[in-house]
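> After the structure tokens below, expect a handful of questions from me.
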Amino acid sequence: MLALLVFMAITGVSLILALRKKKTIFLMVPFLSIFVYFLIQVIMVPAPFFETVRFIFSLS
């Protein structure tokens, strides 16, 4: 729940900054933060990294 609130805050702040400063680069910040969060969660798994990634993508 806390992660959701943090991502919502990041999205809100970056949206406000993108509209005020008229720079679209701020719209990439939420996507980058979600990618970094996903990467950290995968790294925290005690199995080897590439084996974990293969397992995650084989679930679909």
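Chain lettering (A, B, ...) mirrors the order of the structure tokens, residue numbering begins at 1 for each chain separately, and ligand numbering begins at 1 in order of display.
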Name the residues in contact with range 31-43 of chain A at a cut-off of 12 Å, using only C-alpha atoms, excluding same-chain residues fewer than 4 positions from it; report them as a PyMOL selection string.

chain A and resi 3-4+6-11+14+25-27+47-57

> Using DSSP on the backbone, list every residue of chain A that comes out as helix (DSSP H, G or I), and give them as a PyMOL selection string.

chain A and resi 2-21+24-43+49-58

> Could you take the residues named above and write them with N, CA and C atoms, as a compact mmCIF listing (two decimals), in the first residue's frame?


```txt
# COMPACT_ATOMS: atom_id res chain seq x y z
N LEU A 2 1.96 1.19 0.75
CA LEU A 2 2.86 2.34 0.82
C LEU A 2 3.50 2.60 -0.54
N ALA A 3 3.87 1.53 -1.23
CA ALA A 3 4.49 1.70 -2.55
C ALA A 3 3.52 2.36 -3.52
N LEU A 4 2.24 1.99 -3.45
CA LEU A 4 1.24 2.60 -4.32
C LEU A 4 1.12 4.10 -4.04
N LEU A 5 1.10 4.47 -2.79
CA LEU A 5 1.02 5.89 -2.44
C LEU A 5 2.25 6.66 -2.90
N VAL A 6 3.41 6.05 -2.79
CA VAL A 6 4.65 6.70 -3.24
C VAL A 6 4.63 6.89 -4.75
N PHE A 7 4.18 5.85 -5.49
CA PHE A 7 4.11 5.97 -6.95
C PHE A 7 3.07 7.01 -7.37
N MET A 8 1.97 7.11 -6.64
CA MET A 8 0.97 8.13 -6.94
C MET A 8 1.53 9.53 -6.69
N ALA A 9 2.29 9.69 -5.62
CA ALA A 9 2.91 10.98 -5.32
C ALA A 9 3.94 11.35 -6.38
N ILE A 10 4.76 10.38 -6.77
CA ILE A 10 5.76 10.63 -7.82
C ILE A 10 5.08 11.03 -9.12
N THR A 11 4.00 10.34 -9.46
CA THR A 11 3.27 10.65 -10.69
C THR A 11 2.66 12.05 -10.62
N GLY A 12 2.07 12.39 -9.49
CA GLY A 12 1.47 13.72 -9.34
C GLY A 12 2.49 14.83 -9.44
N VAL A 13 3.60 14.67 -8.75
CA VAL A 13 4.65 15.70 -8.77
C VAL A 13 5.24 15.84 -10.17
N SER A 14 5.50 14.71 -10.82
CA SER A 14 6.08 14.80 -12.16
C SER A 14 5.09 15.38 -13.16
N LEU A 15 3.81 15.11 -13.00
CA LEU A 15 2.80 15.69 -13.87
C LEU A 15 2.72 17.21 -13.69
N ILE A 16 2.74 17.65 -12.46
CA ILE A 16 2.73 19.09 -12.18
C ILE A 16 3.97 19.76 -12.75
N LEU A 17 5.13 19.15 -12.55
CA LEU A 17 6.36 19.72 -13.09
C LEU A 17 6.35 19.75 -14.61
N ALA A 18 5.82 18.70 -15.23
CA ALA A 18 5.78 18.66 -16.69
C ALA A 18 4.86 19.75 -17.24
N LEU A 19 3.76 20.00 -16.57
CA LEU A 19 2.84 21.03 -17.05
C LEU A 19 3.36 22.44 -16.79
N ARG A 20 3.99 22.64 -15.65
CA ARG A 20 4.48 23.98 -15.31
C ARG A 20 5.71 24.37 -16.12
N LYS A 21 6.64 23.42 -16.27
CA LYS A 21 7.89 23.74 -16.94
C LYS A 21 7.85 23.41 -18.44
N THR A 24 8.61 17.55 -21.35
CA THR A 24 8.01 16.21 -21.34
C THR A 24 8.91 15.17 -20.67
N ILE A 25 10.14 15.51 -20.40
CA ILE A 25 11.05 14.55 -19.76
C ILE A 25 10.56 14.16 -18.37
N PHE A 26 9.82 15.05 -17.73
CA PHE A 26 9.28 14.75 -16.39
C PHE A 26 8.24 13.64 -16.44
N LEU A 27 7.64 13.40 -17.60
CA LEU A 27 6.64 12.34 -17.72
C LEU A 27 7.27 10.95 -17.74
N MET A 28 8.58 10.87 -17.92
CA MET A 28 9.27 9.58 -17.87
C MET A 28 9.58 9.14 -16.45
N VAL A 29 9.57 10.05 -15.51
CA VAL A 29 9.96 9.75 -14.13
C VAL A 29 9.10 8.64 -13.51
N PRO A 30 7.76 8.66 -13.64
CA PRO A 30 6.99 7.56 -13.04
C PRO A 30 7.33 6.19 -13.63
N PHE A 31 7.56 6.13 -14.95
CA PHE A 31 7.90 4.86 -15.56
C PHE A 31 9.27 4.37 -15.09
N LEU A 32 10.21 5.27 -14.97
CA LEU A 32 11.54 4.90 -14.49
C LEU A 32 11.49 4.43 -13.03
N SER A 33 10.67 5.09 -12.22
CA SER A 33 10.59 4.69 -10.81
C SER A 33 9.95 3.32 -10.67
N ILE A 34 8.94 3.00 -11.49
CA ILE A 34 8.34 1.66 -11.45
C ILE A 34 9.35 0.61 -11.92
N PHE A 35 10.12 0.92 -12.96
CA PHE A 35 11.14 -0.01 -13.44
C PHE A 35 12.20 -0.27 -12.36
N VAL A 36 12.65 0.78 -11.69
CA VAL A 36 13.65 0.62 -10.63
C VAL A 36 13.08 -0.20 -9.48
N TYR A 37 11.82 0.04 -9.11
CA TYR A 37 11.18 -0.73 -8.05
C TYR A 37 11.11 -2.21 -8.44
N PHE A 38 10.72 -2.50 -9.69
CA PHE A 38 10.66 -3.88 -10.17
C PHE A 38 12.04 -4.52 -10.11
N LEU A 39 13.05 -3.80 -10.55
CA LEU A 39 14.41 -4.33 -10.55
C LEU A 39 14.89 -4.64 -9.13
N ILE A 40 14.61 -3.75 -8.19
CA ILE A 40 15.01 -3.97 -6.80
C ILE A 40 14.29 -5.20 -6.23
N GLN A 41 13.01 -5.36 -6.54
CA GLN A 41 12.27 -6.51 -6.04
C GLN A 41 12.82 -7.81 -6.62
N VAL A 42 13.22 -7.81 -7.87
CA VAL A 42 13.81 -9.01 -8.47
C VAL A 42 15.16 -9.31 -7.84
N ILE A 43 15.95 -8.29 -7.59
CA ILE A 43 17.28 -8.49 -6.99
C ILE A 43 17.16 -9.05 -5.58
N PHE A 49 19.84 -14.17 -10.37
CA PHE A 49 19.10 -13.10 -11.04
C PHE A 49 18.44 -13.56 -12.33
N PHE A 50 19.22 -14.13 -13.25
CA PHE A 50 18.67 -14.51 -14.55
C PHE A 50 17.66 -15.65 -14.44
N GLU A 51 17.87 -16.54 -13.49
CA GLU A 51 16.89 -17.61 -13.26
C GLU A 51 15.57 -17.01 -12.77
N THR A 52 15.64 -16.02 -11.92
CA THR A 52 14.45 -15.35 -11.43
C THR A 52 13.72 -14.63 -12.56
N VAL A 53 14.46 -13.96 -13.42
CA VAL A 53 13.84 -13.25 -14.54
C VAL A 53 13.19 -14.24 -15.50
N ARG A 54 13.85 -15.37 -15.78
CA ARG A 54 13.25 -16.37 -16.66
C ARG A 54 11.96 -16.93 -16.04
N PHE A 55 11.98 -17.16 -14.72
CA PHE A 55 10.79 -17.67 -14.04
C PHE A 55 9.64 -16.67 -14.12
N ILE A 56 9.92 -15.40 -13.90
CA ILE A 56 8.87 -14.37 -13.94
C ILE A 56 8.23 -14.32 -15.32
N PHE A 57 9.03 -14.33 -16.37
CA PHE A 57 8.48 -14.23 -17.71
C PHE A 57 7.89 -15.54 -18.22
N SER A 58 8.20 -16.65 -17.58
CA SER A 58 7.59 -17.91 -17.98
C SER A 58 6.21 -18.09 -17.35
```
